[in-house]
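Participant: What follows is query24.pdb, made up of PDB, C-alpha atoms:
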```
MODEL        1
ATOM      1  CA  MET O   1     -17.930  -2.743  45.827  1.00  0.00           C
ATOM      2  CA  LYS O   2     -14.196  -3.194  45.144  1.00  0.00           C
ATOM      3  CA  ALA O   3     -14.944  -6.155  42.828  1.00  0.00           C
ATOM      4  CA  PHE O   4     -17.394  -3.973  40.883  1.00  0.00           C
ATOM      5  CA  ARG O   5     -14.751  -1.242  40.422  1.00  0.00           C
ATOM      6  CA  THR O   6     -12.184  -3.814  39.313  1.00  0.00           C
ATOM      7  CA  ALA O   7     -14.641  -5.282  36.803  1.00  0.00           C
ATOM      8  CA  LEU O   8     -15.463  -1.794  35.550  1.00  0.00           C
ATOM      9  CA  VAL O   9     -11.776  -0.921  35.076  1.00  0.00           C
ATOM     10  CA  VAL O  10     -11.045  -4.234  33.325  1.00  0.00           C
ATOM     11  CA  GLY O  11     -14.099  -3.824  31.091  1.00  0.00           C
ATOM     12  CA  THR O  12     -13.062  -0.283  30.209  1.00  0.00           C
ATOM     13  CA  LEU O  13      -9.519  -1.344  29.377  1.00  0.00           C
ATOM     14  CA  LEU O  14     -10.734  -4.231  27.228  1.00  0.00           C
ATOM     15  CA  GLY O  15     -13.062  -1.850  25.421  1.00  0.00           C
ATOM     16  CA  CYS O  16     -10.147   0.522  24.744  1.00  0.00           C
ATOM     17  CA  VAL O  17      -8.033  -2.315  23.372  1.00  0.00           C
ATOM     18  CA  SER O  18     -10.738  -3.329  20.920  1.00  0.00           C
ATOM     19  CA  LEU O  19     -11.252   0.312  19.967  1.00  0.00           C
ATOM     20  CA  ALA O  20      -7.517   0.798  19.379  1.00  0.00           C
ATOM     21  CA  SER O  21      -7.307  -2.253  17.139  1.00  0.00           C
ATOM     22  CA  ALA O  22     -10.347  -1.064  15.196  1.00  0.00           C
ATOM     23  CA  GLN O  23      -8.504   2.133  14.270  1.00  0.00           C
ATOM     24  CA  ILE O  24      -5.912   0.245  12.240  1.00  0.00           C
ATOM     25  CA  ASN O  25      -7.106   0.231   8.664  1.00  0.00           C
ATOM     26  CA  MET O  26      -4.431  -1.872   6.966  1.00  0.00           C
ATOM     27  CA  PRO O  27      -4.986  -4.026   3.912  1.00  0.00           C
ATOM     28  CA  GLN O  28      -4.442  -7.743   4.270  1.00  0.00           C
ATOM     29  CA  PRO O  29      -1.010  -9.170   3.479  1.00  0.00           C
ATOM     30  CA  GLY O  30      -0.960 -10.261  -0.136  1.00  0.00           C
ATOM     31  CA  SER O  31      -3.062  -7.326  -1.278  1.00  0.00           C
ATOM     32  CA  PRO O  32      -1.998  -5.403  -4.412  1.00  0.00           C
ATOM     33  CA  GLY O  33       1.242  -3.545  -3.843  1.00  0.00           C
ATOM     34  CA  SER O  34       2.145  -5.218  -0.542  1.00  0.00           C
ATOM     35  CA  SER O  35       5.334  -6.820  -1.925  1.00  0.00           C
ATOM     36  CA  PRO O  36       7.288  -7.094  -5.175  1.00  0.00           C
ATOM     37  CA  ASP O  37       5.389 -10.335  -5.873  1.00  0.00           C
ATOM     38  CA  GLN O  38       2.069  -8.491  -5.463  1.00  0.00           C
ATOM     39  CA  ALA O  39       3.198  -5.246  -7.134  1.00  0.00           C
ATOM     40  CA  VAL O  40       0.689  -3.090  -8.971  1.00  0.00           C
ATOM     41  CA  ARG O  41       1.715  -3.030 -12.623  1.00  0.00           C
ATOM     42  CA  VAL O  42       2.166   0.433 -14.139  1.00  0.00           C
ATOM     43  CA  ILE O  43       2.294   0.771 -17.916  1.00  0.00           C
ATOM     44  CA  ALA O  44       4.011   4.061 -18.696  1.00  0.00           C
ATOM     45  CA  THR O  45       6.649   5.376 -21.060  1.00  0.00           C
ATOM     46  CA  ASN O  46       8.172   7.966 -18.702  1.00  0.00           C
ATOM     47  CA  ASP O  47       8.560   8.719 -14.996  1.00  0.00           C
ATOM     48  CA  PHE O  48       6.054  11.588 -15.101  1.00  0.00           C
ATOM     49  CA  MET O  49       3.327   9.162 -16.192  1.00  0.00           C
ATOM     50  CA  VAL O  50       4.424   6.682 -13.521  1.00  0.00           C
ATOM     51  CA  ASP O  51       4.206   9.373 -10.817  1.00  0.00           C
ATOM     52  CA  HIS O  52       0.744  10.442 -12.009  1.00  0.00           C
ATOM     53  CA  PHE O  53      -0.550   6.850 -12.004  1.00  0.00           C
ATOM     54  CA  ILE O  54       0.912   6.168  -8.537  1.00  0.00           C
ATOM     55  CA  GLN O  55      -0.646   9.307  -7.054  1.00  0.00           C
ATOM     56  CA  ARG O  56      -4.044   8.451  -8.539  1.00  0.00           C
ATOM     57  CA  TRP O  57      -3.857   4.800  -7.425  1.00  0.00           C
ATOM     58  CA  LEU O  58      -2.852   5.755  -3.889  1.00  0.00           C
ATOM     59  CA  ARG O  59      -5.645   8.362  -3.601  1.00  0.00           C
ATOM     60  CA  THR O  60      -8.128   5.661  -4.633  1.00  0.00           C
ATOM     61  CA  HIS O  61      -6.812   2.825  -2.468  1.00  0.00           C
ATOM     62  CA  TYR O  62      -5.363   4.774   0.482  1.00  0.00           C
ATOM     63  CA  PRO O  63      -7.433   7.960   0.875  1.00  0.00           C
ATOM     64  CA  GLY O  64      -6.036  10.253   3.544  1.00  0.00           C
ATOM     65  CA  TRP O  65      -2.580   8.641   3.544  1.00  0.00           C
ATOM     66  CA  ASP O  66       0.558  10.686   2.852  1.00  0.00           C
ATOM     67  CA  ALA O  67       3.036   9.353   0.293  1.00  0.00           C
ATOM     68  CA  ASP O  68       6.757   9.945  -0.076  1.00  0.00           C
ATOM     69  CA  PRO O  69       8.093  10.375  -3.619  1.00  0.00           C
ATOM     70  CA  PRO O  70       8.649   7.061  -5.422  1.00  0.00           C
ATOM     71  CA  GLU O  71      12.024   5.419  -5.085  1.00  0.00           C
ATOM     72  CA  TYR O  72      12.980   3.510  -8.238  1.00  0.00           C
ATOM     73  CA  LYS O  73      14.690   0.143  -7.758  1.00  0.00           C
ATOM     74  CA  GLU O  74      15.835  -2.681  -9.971  1.00  0.00           C
ATOM     75  CA  ILE O  75      14.779  -5.980  -8.415  1.00  0.00           C
ATOM     76  CA  GLY O  76      16.165  -8.697 -10.609  1.00  0.00           C
ATOM     77  CA  PRO O  77      15.482  -7.808 -14.245  1.00  0.00           C
ATOM     78  CA  GLU O  78      12.426  -5.700 -13.384  1.00  0.00           C
ATOM     79  CA  ARG O  79      12.030  -2.041 -12.457  1.00  0.00           C
ATOM     80  CA  TYR O  80       9.910  -1.052  -9.469  1.00  0.00           C
ATOM     81  CA  ALA O  81       8.729   2.210  -7.958  1.00  0.00           C
ATOM     82  CA  VAL O  82       8.484   1.829  -4.184  1.00  0.00           C
ATOM     83  CA  VAL O  83       6.425   4.378  -2.251  1.00  0.00           C
ATOM     84  CA  TYR O  84       6.409   4.689   1.526  1.00  0.00           C
ATOM     85  CA  ILE O  85       2.988   5.774   2.828  1.00  0.00           C
ATOM     86  CA  THR O  86       1.870   6.925   6.272  1.00  0.00           C
ATOM     87  CA  ALA O  87      -1.358   7.899   7.998  1.00  0.00           C
ATOM     88  CA  PRO O  88      -2.267   9.003  11.515  1.00  0.00           C
ATOM     89  CA  ASN O  89      -2.841   6.062  13.879  1.00  0.00           C
ATOM     90  CA  ASN O  90      -1.514   3.578  11.280  1.00  0.00           C
ATOM     91  CA  PRO O  91       1.939   2.110  10.853  1.00  0.00           C
ATOM     92  CA  GLY O  92       3.745   3.198   7.693  1.00  0.00           C
ATOM     93  CA  ARG O  93       4.167   0.756   4.861  1.00  0.00           C
ATOM     94  CA  ARG O  94       5.694   0.369   1.421  1.00  0.00           C
ATOM     95  CA  VAL O  95       3.636  -0.018  -1.738  1.00  0.00           C
ATOM     96  CA  TYR O  96       5.318  -1.645  -4.744  1.00  0.00           C
ATOM     97  CA  PHE O  97       4.613  -0.726  -8.372  1.00  0.00           C
ATOM     98  CA  ARG O  98       6.141  -2.739 -11.224  1.00  0.00           C
ATOM     99  CA  VAL O  99       6.992  -0.339 -14.051  1.00  0.00           C
ATOM    100  CA  VAL O 100       6.685  -1.608 -17.629  1.00  0.00           C
ATOM    101  CA  SER O 101       6.737   0.326 -20.871  1.00  0.00           C
ATOM    102  CA  ARG O 102       4.596  -1.960 -23.063  1.00  0.00           C
ATOM    103  CA  MET O 103       1.108  -3.342 -22.654  1.00  0.00           C
ATOM    104  CA  ASN O 104       2.180  -6.812 -23.801  1.00  0.00           C
ATOM    105  CA  ASP O 105       4.746  -7.163 -21.005  1.00  0.00           C
ATOM    106  CA  PRO O 106       2.924  -9.669 -18.778  1.00  0.00           C
ATOM    107  CA  ASN O 107       3.795 -10.546 -15.234  1.00  0.00           C
ATOM    108  CA  GLU O 108       6.112 -13.518 -14.913  1.00  0.00           C
ATOM    109  CA  ASP O 109       3.150 -15.801 -14.280  1.00  0.00           C
ATOM    110  CA  GLY O 110       1.065 -14.296 -17.106  1.00  0.00           C
ATOM    111  CA  ARG O 111      -1.326 -12.394 -14.787  1.00  0.00           C
ATOM    112  CA  ALA O 112      -2.890  -9.190 -16.022  1.00  0.00           C
ATOM    113  CA  PRO O 113      -2.118  -5.973 -14.121  1.00  0.00           C
ATOM    114  CA  PHE O 114      -4.218  -5.093 -11.119  1.00  0.00           C
ATOM    115  CA  PRO O 115      -7.109  -2.808 -12.104  1.00  0.00           C
ATOM    116  CA  LEU O 116      -7.262   0.800 -11.033  1.00  0.00           C
TER
ENDMDL
END
```
Re-express the file's structure as structure tokens.
Facilitator:
Amino acid sequence: MKAFRTALVVGTLLGCVSLASAQINMPQPGSPGSSPDQAVRVIATNDFMVDHFIQRWLRTHYPGWDADPPEYKEIGPERYAVVYITAPNNPGRRVYFRVVSRMNDPNEDGRAPFPL
């Protein structure tokens, strides 16, 4: 009987561990916005347009997450908006947006911007 209880407790704990890991809904590393190298490109002529695009992109790709206001940074010769996002039961993370003012400003490797 004691072995049955032990097996039941172990089975319950293992089930909770798999349930807890299933609650984490994080994108894979290397996904759009996960680093400056994978930044989502924003084409906008002013910060208001950048903020609007970021809010819309985050609502689409991270529904239910809360976002801090963008923090603008110069990384090398490029300008980035970095947004810290959080959600219940998920670790917070930063999302990177590369800010450009012209459509013909390609990424360094010639890639097109990530689609909305």
Participant: Using all atoms listed in the file, which residue out of O:Tyr72, O:Arg59, O:Asn46, O:Ile85 lies closest to O:Phe97?
Facilitator: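 Result for the nearest residue to O:Phe97: O:Tyr72.
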Participant: I need the residue set behind the PyMOL selection byres ((chain O and resi 86-90) around 7) for this file; please write it as number ranges by chain.
Facilitator: O: 23-24, 64-67, 84-85, 91-93
Participant: Could you list, as number ranges by chain, every residue within 10 Å of O:Ser35, counting only C-alpha atoms and ignoring same-chain residues fewer than 3 positions away?
Facilitator: O: 29-32, 38-40, 82, 94-97
Participant: Evaluate the PyMOL selection byres ((chain O and resi 44) around 12) against this structure - the residues, as a count of residues only, please.
Facilitator: 23
Participant: Suppose you want the space between atom CA of O:Pro36 and atom CA of O:Ile75; what is it in Å?
Facilitator: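 It comes out at 8.2 Å.
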Participant: Might I get the box with edges along x, y and z of the file that holds all atoms of stretch 47-50 of chain O listed there, padded by 6 Å on every side, given as centre and edge lengths in Å to one decimal, as lines of an AutoDock Vina configuration file?
Facilitator:
```
center_x = 5.9
center_y = 9.1
center_z = -14.9
size_x = 17.2
size_y = 16.9
size_z = 14.7
```
Participant: Mind pulling up the distance from atom CA of O:Tyr80 to atom CA of O:Asp37?
Facilitator: 10.9 Å
Participant: One decimal, Å: what's the distance from atom CA of O:His61 over to atom CA of O:Glu78, could you say?
Facilitator: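 Computed distance, atom CA of O:His61 to atom CA of O:Glu78, equals 23.7 Å.
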